[in-house]
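**Q** Supplied structure: input_23.cif, mmCIF, C-alpha atoms.
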```cif
data_structure
loop_
_atom_site.label_atom_id
_atom_site.label_comp_id
_atom_site.auth_asym_id
_atom_site.auth_seq_id
_atom_site.Cartn_x
_atom_site.Cartn_y
_atom_site.Cartn_z
CA MET G 1 202.58 -56.92 -110.12
CA THR G 2 199.99 -59.07 -111.95
CA ARG G 3 200.05 -62.73 -110.95
CA THR G 4 200.42 -65.44 -113.56
CA ARG G 5 197.01 -66.94 -114.39
CA ILE G 6 196.67 -70.66 -115.00
CA PHE G 7 193.76 -72.82 -116.12
CA SER G 8 193.42 -76.59 -116.18
CA GLY G 9 190.66 -79.17 -116.05
CA ILE G 10 189.78 -82.86 -115.96
CA LYS G 11 186.99 -84.65 -117.84
CA PRO G 12 184.48 -86.64 -115.77
CA THR G 13 184.57 -89.63 -118.10
CA GLY G 14 185.51 -92.09 -115.36
CA HIS G 15 186.70 -92.33 -111.77
CA LEU G 16 189.87 -90.29 -111.21
CA THR G 17 193.06 -92.32 -111.23
CA LEU G 18 196.54 -92.28 -109.79
CA GLY G 19 197.60 -90.90 -113.17
CA ASN G 20 195.26 -87.93 -112.77
CA TYR G 21 196.75 -87.24 -109.34
CA LEU G 22 200.45 -87.63 -110.16
CA GLY G 23 200.12 -86.04 -113.60
CA ALA G 24 197.93 -83.07 -112.65
CA LEU G 25 196.21 -82.78 -109.27
CA ARG G 26 199.32 -83.00 -107.13
CA GLN G 27 200.99 -80.16 -109.04
CA TRP G 28 197.81 -78.07 -108.75
CA VAL G 29 197.70 -78.58 -105.00
CA THR G 30 201.34 -78.25 -104.01
CA VAL G 31 202.50 -75.59 -106.46
CA ASP G 32 200.01 -73.97 -108.81
CA GLN G 33 197.34 -72.72 -106.42
CA HIS G 34 200.02 -71.03 -104.32
CA ARG G 35 202.03 -69.34 -107.06
CA ALA G 36 199.34 -68.10 -109.42
CA ASP G 37 195.77 -66.96 -109.96
CA ALA G 38 194.59 -70.50 -110.61
CA LEU G 39 191.33 -71.80 -112.08
CA PHE G 40 190.58 -75.53 -111.99
CA CYS G 41 187.57 -76.96 -113.75
CA VAL G 42 185.56 -80.16 -114.10
CA VAL G 43 185.18 -80.00 -117.88
CA ASP G 44 181.89 -81.86 -118.09
CA LEU G 45 180.95 -80.65 -121.58
CA HIS G 46 183.94 -82.59 -122.93
CA ALA G 47 182.43 -85.79 -121.52
CA LEU G 48 179.56 -85.49 -124.01
CA THR G 49 181.72 -86.09 -127.11
CA VAL G 50 181.16 -89.88 -126.87
CA ASP G 51 178.24 -92.12 -125.97
CA HIS G 52 177.49 -91.62 -122.28
CA ASP G 53 175.00 -92.17 -119.47
CA PRO G 54 173.70 -88.73 -118.35
CA ALA G 55 173.27 -89.78 -114.72
CA ARG G 56 176.81 -91.15 -114.64
CA VAL G 57 178.26 -87.92 -116.04
CA ARG G 58 176.50 -85.93 -113.30
CA ARG G 59 177.67 -88.36 -110.63
CA LEU G 60 181.28 -88.39 -111.86
CA SER G 61 181.32 -84.57 -112.18
CA ARG G 62 180.42 -84.20 -108.53
CA GLN G 63 182.86 -86.91 -107.51
CA ALA G 64 185.66 -85.20 -109.45
CA ALA G 65 184.95 -81.84 -107.80
CA THR G 66 184.90 -83.51 -104.38
CA LEU G 67 188.21 -85.25 -105.11
CA PHE G 68 189.75 -81.94 -106.20
CA LEU G 69 188.97 -80.64 -102.73
CA ALA G 70 190.02 -83.90 -101.04
CA ALA G 71 193.38 -83.75 -102.79
CA GLY G 72 193.99 -80.32 -101.26
CA LEU G 73 192.68 -77.60 -103.56
CA ASP G 74 191.69 -74.68 -101.35
CA PRO G 75 188.83 -72.40 -102.49
CA ALA G 76 190.52 -69.56 -100.61
CA LEU G 77 193.54 -69.92 -102.91
CA CYS G 78 192.03 -70.97 -106.26
CA THR G 79 188.81 -71.01 -108.27
CA LEU G 80 187.12 -74.40 -108.56
CA PHE G 81 184.05 -74.81 -110.77
CA VAL G 82 182.17 -76.93 -113.28
CA GLN G 83 182.52 -75.96 -116.95
CA SER G 84 178.82 -76.13 -117.87
CA HIS G 85 177.99 -73.69 -115.04
CA VAL G 86 179.75 -70.90 -116.97
CA ASP G 87 178.10 -70.09 -120.31
CA GLU G 88 181.11 -68.16 -121.59
CA HIS G 89 182.84 -71.44 -122.53
CA THR G 90 180.26 -72.33 -125.18
CA ARG G 91 179.79 -68.71 -126.26
CA LEU G 92 183.47 -68.43 -127.10
CA SER G 93 183.76 -71.90 -128.58
CA TYR G 94 181.63 -71.04 -131.62
CA VAL G 95 183.62 -67.88 -132.31
CA LEU G 96 186.81 -69.94 -132.24
CA GLU G 97 185.25 -72.54 -134.55
CA CYS G 98 184.93 -69.65 -136.98
CA THR G 99 188.68 -69.11 -136.58
CA ALA G 100 189.82 -72.74 -136.82
CA ASN G 101 189.90 -74.82 -139.99
CA ASP G 102 188.83 -78.35 -140.77
CA GLY G 103 192.31 -79.65 -141.57
CA GLU G 104 193.87 -78.77 -138.24
CA MET G 105 190.97 -80.35 -136.39
CA ARG G 106 191.36 -83.63 -138.25
CA ARG G 107 195.10 -83.69 -137.52
CA MET G 108 194.51 -83.84 -133.76
CA ILE G 109 196.01 -87.13 -132.55
CA GLN G 110 193.24 -87.92 -130.08
CA TYR G 111 190.57 -87.40 -132.75
CA LYS G 112 192.34 -89.70 -135.18
CA GLU G 113 192.81 -92.41 -132.55
CA LYS G 114 189.32 -92.26 -131.04
CA SER G 115 187.48 -91.93 -134.34
CA ALA G 116 189.38 -94.87 -135.84
CA LYS G 117 188.55 -97.01 -132.81
CA GLU G 118 184.87 -96.02 -132.94
CA ARG G 119 184.56 -96.72 -136.66
CA ALA G 120 186.35 -100.06 -136.29
CA ALA G 121 183.68 -101.05 -133.76
CA GLY G 122 180.95 -100.13 -136.25
CA GLY G 123 179.93 -96.94 -134.50
CA SER G 124 179.58 -93.36 -135.66
CA VAL G 125 181.62 -90.37 -134.52
CA ARG G 126 179.98 -87.30 -133.00
CA LEU G 127 180.85 -83.95 -134.52
CA SER G 128 181.76 -82.73 -131.04
CA LEU G 129 184.65 -85.22 -130.95
CA LEU G 130 186.15 -83.36 -133.91
CA THR G 131 185.52 -79.88 -132.53
CA TYR G 132 186.15 -80.36 -128.82
CA PRO G 133 189.77 -79.09 -129.03
CA VAL G 134 188.21 -75.73 -129.97
CA LEU G 135 186.05 -75.86 -126.84
CA MET G 136 189.22 -76.65 -124.90
CA ALA G 137 190.82 -73.57 -126.45
CA ALA G 138 187.80 -71.53 -125.37
CA ASP G 139 188.17 -72.90 -121.83
CA ILE G 140 191.69 -71.50 -121.72
CA LEU G 141 191.41 -68.27 -123.71
CA ALA G 142 188.27 -67.05 -121.94
CA TYR G 143 190.31 -66.50 -118.78
CA GLY G 144 193.42 -64.97 -120.27
CA ALA G 145 195.44 -67.88 -118.95
CA ASP G 146 199.21 -67.56 -119.22
CA GLU G 147 199.94 -71.21 -118.43
CA VAL G 148 198.08 -74.50 -118.84
CA PRO G 149 199.33 -77.39 -116.67
CA VAL G 150 198.71 -80.54 -118.73
CA GLY G 151 199.89 -84.08 -119.26
CA ASP G 152 201.96 -84.62 -122.38
CA ASP G 153 198.99 -86.19 -124.19
CA GLN G 154 197.23 -82.80 -124.13
CA ALA G 155 200.17 -80.66 -125.24
CA GLN G 156 199.01 -80.72 -128.89
CA HIS G 157 195.69 -79.17 -127.86
CA VAL G 158 197.48 -76.31 -126.10
CA GLU G 159 199.49 -75.72 -129.28
CA LEU G 160 196.19 -75.47 -131.17
CA THR G 161 194.98 -72.97 -128.56
CA ARG G 162 198.08 -70.87 -129.14
CA ASP G 163 197.57 -70.99 -132.92
CA LEU G 164 193.93 -69.92 -132.63
CA ALA G 165 194.79 -67.07 -130.26
CA VAL G 166 197.51 -65.75 -132.56
CA ARG G 167 195.30 -66.10 -135.65
CA PHE G 168 192.36 -64.32 -134.01
CA ASN G 169 194.58 -61.52 -132.70
CA GLN G 170 196.12 -60.99 -136.14
CA ARG G 171 192.79 -60.93 -137.97
CA TYR G 172 190.59 -59.03 -135.54
CA GLY G 173 192.86 -57.16 -133.15
CA HIS G 174 194.57 -58.21 -129.95
CA THR G 175 192.00 -59.99 -127.80
CA PHE G 176 193.57 -63.10 -126.28
CA THR G 177 196.59 -63.92 -124.17
CA VAL G 178 198.69 -66.60 -125.89
CA PRO G 179 199.20 -69.36 -123.29
CA LYS G 180 201.89 -71.99 -122.93
CA ALA G 181 201.69 -75.62 -121.80
CA VAL G 182 203.48 -76.56 -118.57
CA LEU G 183 204.35 -80.23 -118.04
CA PRO G 184 205.03 -81.65 -114.56
CA PRO G 185 208.65 -82.84 -114.08
CA VAL G 186 207.92 -86.43 -112.98
CA ALA G 187 205.20 -88.91 -114.00
CA ALA G 188 203.61 -86.58 -116.51
CA ARG G 189 202.02 -89.64 -118.07
CA VAL G 190 201.42 -92.59 -115.75
CA MET G 191 200.93 -95.78 -117.72
CA ASP G 192 198.51 -98.69 -117.27
CA LEU G 193 199.99 -101.33 -114.96
CA GLN G 194 198.81 -104.14 -117.26
CA ASP G 195 199.70 -102.35 -120.50
CA PRO G 196 202.63 -100.00 -119.82
CA THR G 197 202.58 -98.72 -123.39
CA SER G 198 199.14 -97.15 -122.78
CA LYS G 199 198.16 -94.28 -120.50
CA MET G 200 196.38 -95.08 -117.23
CA GLY G 201 193.04 -93.76 -118.48
CA LYS G 202 189.78 -93.13 -116.61
CA SER G 203 187.55 -94.63 -119.28
CA HIS G 204 189.31 -97.88 -120.15
CA GLY G 205 187.11 -100.97 -120.23
CA GLU G 206 189.79 -103.14 -118.61
CA THR G 207 190.49 -101.81 -115.10
CA SER G 208 192.96 -104.30 -113.61
CA GLY G 209 195.90 -102.04 -114.47
CA ILE G 210 194.28 -98.81 -113.27
CA VAL G 211 194.65 -97.51 -109.71
CA TYR G 212 191.72 -95.28 -108.79
CA LEU G 213 191.98 -92.60 -106.12
CA LEU G 214 189.19 -94.21 -104.13
CA ASP G 215 190.49 -97.79 -104.35
CA GLU G 216 190.82 -99.54 -100.99
CA PRO G 217 194.43 -100.21 -99.88
CA ASP G 218 194.23 -103.96 -100.49
CA VAL G 219 192.96 -103.33 -104.02
CA VAL G 220 195.84 -100.92 -104.68
CA ARG G 221 198.39 -103.44 -103.43
CA ARG G 222 196.94 -106.23 -105.54
CA LYS G 223 196.99 -104.13 -108.71
CA VAL G 224 200.57 -102.97 -108.19
CA MET G 225 201.89 -106.41 -107.22
CA ARG G 226 200.33 -107.85 -110.38
CA ALA G 227 201.78 -105.14 -112.61
CA VAL G 228 203.32 -106.31 -115.87
CA THR G 229 207.11 -106.12 -115.85
CA ASP G 230 209.58 -107.02 -118.59
CA SER G 231 211.79 -109.86 -119.75
CA GLY G 232 214.99 -110.23 -117.76
CA SER G 233 215.44 -109.40 -114.10
CA GLU G 234 217.61 -106.27 -114.00
CA VAL G 235 215.88 -103.20 -112.61
CA VAL G 236 216.68 -100.32 -114.97
CA HIS G 237 214.84 -97.20 -116.03
CA ASP G 238 214.40 -97.53 -119.79
CA ARG G 239 211.00 -96.46 -121.18
CA GLU G 240 211.63 -98.05 -124.57
CA ALA G 241 213.17 -101.40 -123.62
CA ARG G 242 211.62 -101.85 -120.16
CA PRO G 243 208.31 -99.94 -120.13
CA GLY G 244 206.77 -101.95 -117.25
CA VAL G 245 209.66 -101.41 -114.86
CA ALA G 246 210.08 -97.80 -115.99
CA ASN G 247 206.43 -97.14 -115.15
CA LEU G 248 206.81 -98.58 -111.64
CA LEU G 249 209.97 -96.56 -111.05
CA GLU G 250 208.32 -93.34 -112.19
CA ILE G 251 205.28 -93.96 -110.00
CA LEU G 252 207.53 -94.70 -107.01
CA ALA G 253 209.63 -91.61 -107.68
CA ALA G 254 206.55 -89.40 -107.94
CA CYS G 255 204.95 -90.79 -104.76
CA THR G 256 208.09 -90.63 -102.62
CA GLN G 257 208.93 -87.12 -103.79
CA ALA G 258 205.39 -86.04 -102.98
CA ALA G 259 205.83 -87.49 -99.50
CA GLY G 260 209.13 -85.68 -99.02
CA ASP G 261 211.07 -88.94 -98.75
CA GLY G 262 213.91 -87.89 -100.96
CA ASP G 263 214.85 -86.43 -104.31
CA GLY G 264 215.73 -89.66 -106.10
CA GLY G 265 214.56 -89.83 -109.67
CA PRO G 266 213.56 -93.04 -111.45
CA ALA G 267 217.10 -93.87 -112.63
CA GLU G 268 218.55 -93.35 -109.16
CA LEU G 269 215.82 -95.48 -107.59
CA ALA G 270 216.51 -98.30 -110.06
CA ALA G 271 220.00 -98.71 -108.64
CA ARG G 272 218.53 -99.54 -105.22
CA TYR G 273 216.68 -102.65 -106.39
CA SER G 274 217.89 -106.10 -107.37
CA SER G 275 214.44 -107.64 -107.93
CA TYR G 276 211.08 -106.74 -109.39
CA GLY G 277 209.31 -108.04 -106.29
CA ALA G 278 210.98 -105.56 -103.95
CA LEU G 279 210.30 -102.71 -106.38
CA LYS G 280 206.62 -103.66 -106.58
CA LYS G 281 206.26 -103.89 -102.80
CA ASP G 282 207.79 -100.47 -102.20
CA THR G 283 205.73 -98.95 -105.02
CA ALA G 284 202.52 -100.43 -103.60
CA ASP G 285 203.34 -99.07 -100.12
CA ALA G 286 204.10 -95.63 -101.54
CA VAL G 287 200.88 -95.49 -103.56
CA VAL G 288 198.75 -96.58 -100.59
CA GLU G 289 200.25 -93.86 -98.40
CA THR G 290 199.89 -91.24 -101.12
CA LEU G 291 196.18 -91.98 -101.55
CA ARG G 292 195.28 -92.51 -97.87
CA PRO G 293 194.68 -88.82 -96.92
CA ILE G 294 192.72 -88.22 -100.14
CA ARG G 295 190.35 -91.11 -99.42
CA GLU G 296 189.86 -89.96 -95.82
CA ARG G 297 189.14 -86.35 -96.78
CA HIS G 298 186.80 -87.47 -99.57
CA ALA G 299 184.69 -89.36 -97.02
CA GLU G 300 184.46 -86.24 -94.85
CA LEU G 301 183.36 -84.08 -97.78
CA CYS G 302 180.72 -86.59 -98.88
CA ALA G 303 179.17 -86.20 -95.44
CA ASP G 304 178.83 -82.42 -96.05
CA PRO G 305 177.47 -82.04 -99.63
CA GLY G 306 176.30 -78.49 -98.97
CA TYR G 307 179.91 -77.36 -98.64
CA VAL G 308 180.82 -78.76 -102.07
CA ASP G 309 177.75 -77.12 -103.61
CA GLU G 310 178.72 -73.74 -102.20
CA VAL G 311 182.31 -74.06 -103.41
CA LEU G 312 181.11 -74.79 -106.95
CA ARG G 313 178.53 -71.98 -106.89
CA ALA G 314 181.07 -69.39 -105.73
CA GLY G 315 183.68 -70.70 -108.14
CA ALA G 316 181.35 -70.45 -111.12
CA GLU G 317 180.36 -66.90 -110.14
CA ARG G 318 183.97 -65.77 -110.02
CA ALA G 319 184.86 -67.62 -113.23
CA ARG G 320 181.91 -66.00 -115.01
CA GLY G 321 183.06 -62.57 -113.92
CA LEU G 322 186.58 -63.20 -115.21
CA ALA G 323 185.55 -64.68 -118.56
CA ARG G 324 182.70 -62.42 -119.63
CA PRO G 325 184.75 -59.30 -120.52
CA THR G 326 187.11 -61.31 -122.72
CA VAL G 327 184.30 -63.17 -124.48
CA ASP G 328 182.35 -59.94 -125.01
CA ALA G 329 185.47 -58.37 -126.50
CA ALA G 330 185.91 -61.34 -128.84
CA TYR G 331 182.29 -61.03 -130.01
CA GLU G 332 182.77 -57.36 -130.78
CA ALA G 333 186.14 -57.90 -132.46
CA ILE G 334 184.81 -60.57 -134.84
CA GLY G 335 181.91 -58.37 -135.91
CA LEU G 336 178.89 -59.28 -133.78
CA LEU G 337 176.45 -56.54 -132.80
CA PRO G 338 176.59 -55.90 -129.03
CA ALA G 339 173.43 -56.51 -127.07
CA ARG G 340 172.05 -53.38 -125.42
#
```
Rewrite the structure of this file - the entire thing - as structure tokens.
**A**
Amino acid sequence: MTRTRIFSGIKPTGHLTLGNYLGALRQWVTVDQHRADALFCVVDLHALTVDHDPARVRRLSRQAATLFLAAGLDPALCTLFVQSHVDEHTRLSYVLECTANDGEMRRMIQYKEKSAKERAAGGSVRLSLLTYPVLMAADILAYGADEVPVGDDQAQHVELTRDLAVRFNQRYGHTFTVPKAVLPPVAARVMDLQDPTSKMGKSHGETSGIVYLLDEPDVVRRKVMRAVTDSGSEVVHDREARPGVANLLEILAACTQAAGDGDGGPAELAARYSSYGALKKDTADAVVETLRPIRERHAELCADPGYVDEVLRAGAERARGLARPTVDAAYEAIGLLPAR
């Protein structure tokens, strides 16, 4: 029986956060690498869609790969690699650009938000910011992925991937597997502790509401204890009316479930608290304990850089072998002359 194949990745646009772990990495480690033929990627080409420091992108790419391993991804169970190490991603991306249309690219929510922000600041928008959802589709379709574990902010891009796969298959013959997005059940989108209406993002300029995976315990506690709450004092789980408290409850639920401390969801946890202070203290403790083994393992891996290099080399080799037949088939199907 053929195993389900999954693909997912994270952009090295900033230091990885608690949101990256609870929304993606934890699911990869505890579930996905065990149940499926899983490929996990540092999608470094996506980091080039905005103004960037080349040295920082390289540094963050390596740090992300090291944190993937520190969080518990096992190269014996999954394929871990860097996107730019596998040429098939960019080869397929252009073919899919020839399948996509301008209108659907400009409807992408992230493009509209980021381009508006850039123009408001007097800057220009790179063409790659418009087209990168097609590269994301190539990332997925090159491997015949059945499932794509994503946060809810990326679900629209997976829908585009599905549309492009179906369109290509109808026009040129069946070539691609049509994937589906898979959202984690809890804390799919961890919010900023200082602005609970915004996602806890890697690349935000203001970092006081962002918990990074490599933050020291005292820094984590300070950020959580200073988290914005809401008017009133009742602890309830209500994303619309009480976004600050809801965020803390969801983080606590995700961390305690990951630790095996119970099956209480955010609403059930809310009933246990009569004050914001107690909720914050328990959330801070839970986050510190969740991140402690990751920080310790990261330090060990940094002391052995050759191991990380070998994991990425072997991962890219396997990924290349999986992707090349599909990309070659797409080239032939769309009408390109095969190289001999």
**Q** Please determine an axis-aligned box that encloses all atoms of region 232-238 of chain G listed in the file, with 6 Å added on each side, and express its centre and edge lengths in Å to one decimal as AutoDock Vina command-line options.
**A**
```
--center_x 216.0 --center_y -103.7 --center_z -116.2 --size_x 15.2 --size_y 25.0 --size_z 19.2
```
**Q** Might you spell out which residues the PyMOL selection byres ((chain G and resi 287) around 12) would select in the displayed file, as a PyMOL selection string?
**A** chain G and resi 17-19+21-22+211-225+248-259+280-286+288-294
**Q** Please produce a file of those selected residues containing C-alpha atoms, as a short mmCIF file (atom, residue, chain, number, x, y, z; two decimals), in the frame of the given file.
**A**
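As written to disk, selection-v7.cif reads:
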```
data_model
loop_
_atom_site.label_atom_id
_atom_site.label_comp_id
_atom_site.auth_asym_id
_atom_site.auth_seq_id
_atom_site.Cartn_x
_atom_site.Cartn_y
_atom_site.Cartn_z
CA THR G 17 193.06 -92.32 -111.23
CA LEU G 18 196.54 -92.28 -109.79
CA GLY G 19 197.60 -90.90 -113.17
CA TYR G 21 196.75 -87.24 -109.34
CA LEU G 22 200.45 -87.63 -110.16
CA VAL G 211 194.65 -97.51 -109.71
CA TYR G 212 191.72 -95.28 -108.79
CA LEU G 213 191.98 -92.60 -106.12
CA LEU G 214 189.19 -94.21 -104.13
CA ASP G 215 190.49 -97.79 -104.35
CA GLU G 216 190.82 -99.54 -100.99
CA PRO G 217 194.43 -100.21 -99.88
CA ASP G 218 194.23 -103.96 -100.49
CA VAL G 219 192.96 -103.33 -104.02
CA VAL G 220 195.84 -100.92 -104.68
CA ARG G 221 198.39 -103.44 -103.43
CA ARG G 222 196.94 -106.23 -105.54
CA LYS G 223 196.99 -104.13 -108.71
CA VAL G 224 200.57 -102.97 -108.19
CA MET G 225 201.89 -106.41 -107.22
CA LEU G 248 206.81 -98.58 -111.64
CA LEU G 249 209.97 -96.56 -111.05
CA GLU G 250 208.32 -93.34 -112.19
CA ILE G 251 205.28 -93.96 -110.00
CA LEU G 252 207.53 -94.70 -107.01
CA ALA G 253 209.63 -91.61 -107.68
CA ALA G 254 206.55 -89.40 -107.94
CA CYS G 255 204.95 -90.79 -104.76
CA THR G 256 208.09 -90.63 -102.62
CA GLN G 257 208.93 -87.12 -103.79
CA ALA G 258 205.39 -86.04 -102.98
CA ALA G 259 205.83 -87.49 -99.50
CA LYS G 280 206.62 -103.66 -106.58
CA LYS G 281 206.26 -103.89 -102.80
CA ASP G 282 207.79 -100.47 -102.20
CA THR G 283 205.73 -98.95 -105.02
CA ALA G 284 202.52 -100.43 -103.60
CA ASP G 285 203.34 -99.07 -100.12
CA ALA G 286 204.10 -95.63 -101.54
CA VAL G 288 198.75 -96.58 -100.59
CA GLU G 289 200.25 -93.86 -98.40
CA THR G 290 199.89 -91.24 -101.12
CA LEU G 291 196.18 -91.98 -101.55
CA ARG G 292 195.28 -92.51 -97.87
CA PRO G 293 194.68 -88.82 -96.92
CA ILE G 294 192.72 -88.22 -100.14
#
```
**Q** Could you list, as an MDAnalysis selection string, every residue matched by the PyMOL selection byres ((chain G and resi 3) around 10) in this structure?
**A** chainID G and resid 1:2 4:6 35:38 146
**Q** Excluding same-chain residues fewer than 6 positions from Phe7 (chain G), what lies within 7 Å of it counting all atoms listed in the file, as a PyMOL selection string?
**A** chain G and resi 38-40+140+145+147-148
**Q** Report the residues retrieved by the PyMOL selection byres ((chain G and resi 92) around 8) from the displayed file, expressed as a PDB file with C-alpha atoms, in the frame of the given file.
**A**
```
ATOM      1  CA  GLU G  88     181.110 -68.160-121.590  1.00  0.00           C
ATOM      2  CA  HIS G  89     182.840 -71.440-122.530  1.00  0.00           C
ATOM      3  CA  THR G  90     180.260 -72.330-125.180  1.00  0.00           C
ATOM      4  CA  ARG G  91     179.790 -68.710-126.260  1.00  0.00           C
ATOM      5  CA  SER G  93     183.760 -71.900-128.580  1.00  0.00           C
ATOM      6  CA  TYR G  94     181.630 -71.040-131.620  1.00  0.00           C
ATOM      7  CA  VAL G  95     183.620 -67.880-132.310  1.00  0.00           C
ATOM      8  CA  LEU G  96     186.810 -69.940-132.240  1.00  0.00           C
ATOM      9  CA  LEU G 135     186.050 -75.860-126.840  1.00  0.00           C
ATOM     10  CA  ALA G 138     187.800 -71.530-125.370  1.00  0.00           C
ATOM     11  CA  ALA G 142     188.270 -67.050-121.940  1.00  0.00           C
ATOM     12  CA  VAL G 327     184.300 -63.170-124.480  1.00  0.00           C
ATOM     13  CA  ALA G 330     185.910 -61.340-128.840  1.00  0.00           C
TER      14      ALA G 330
END
```
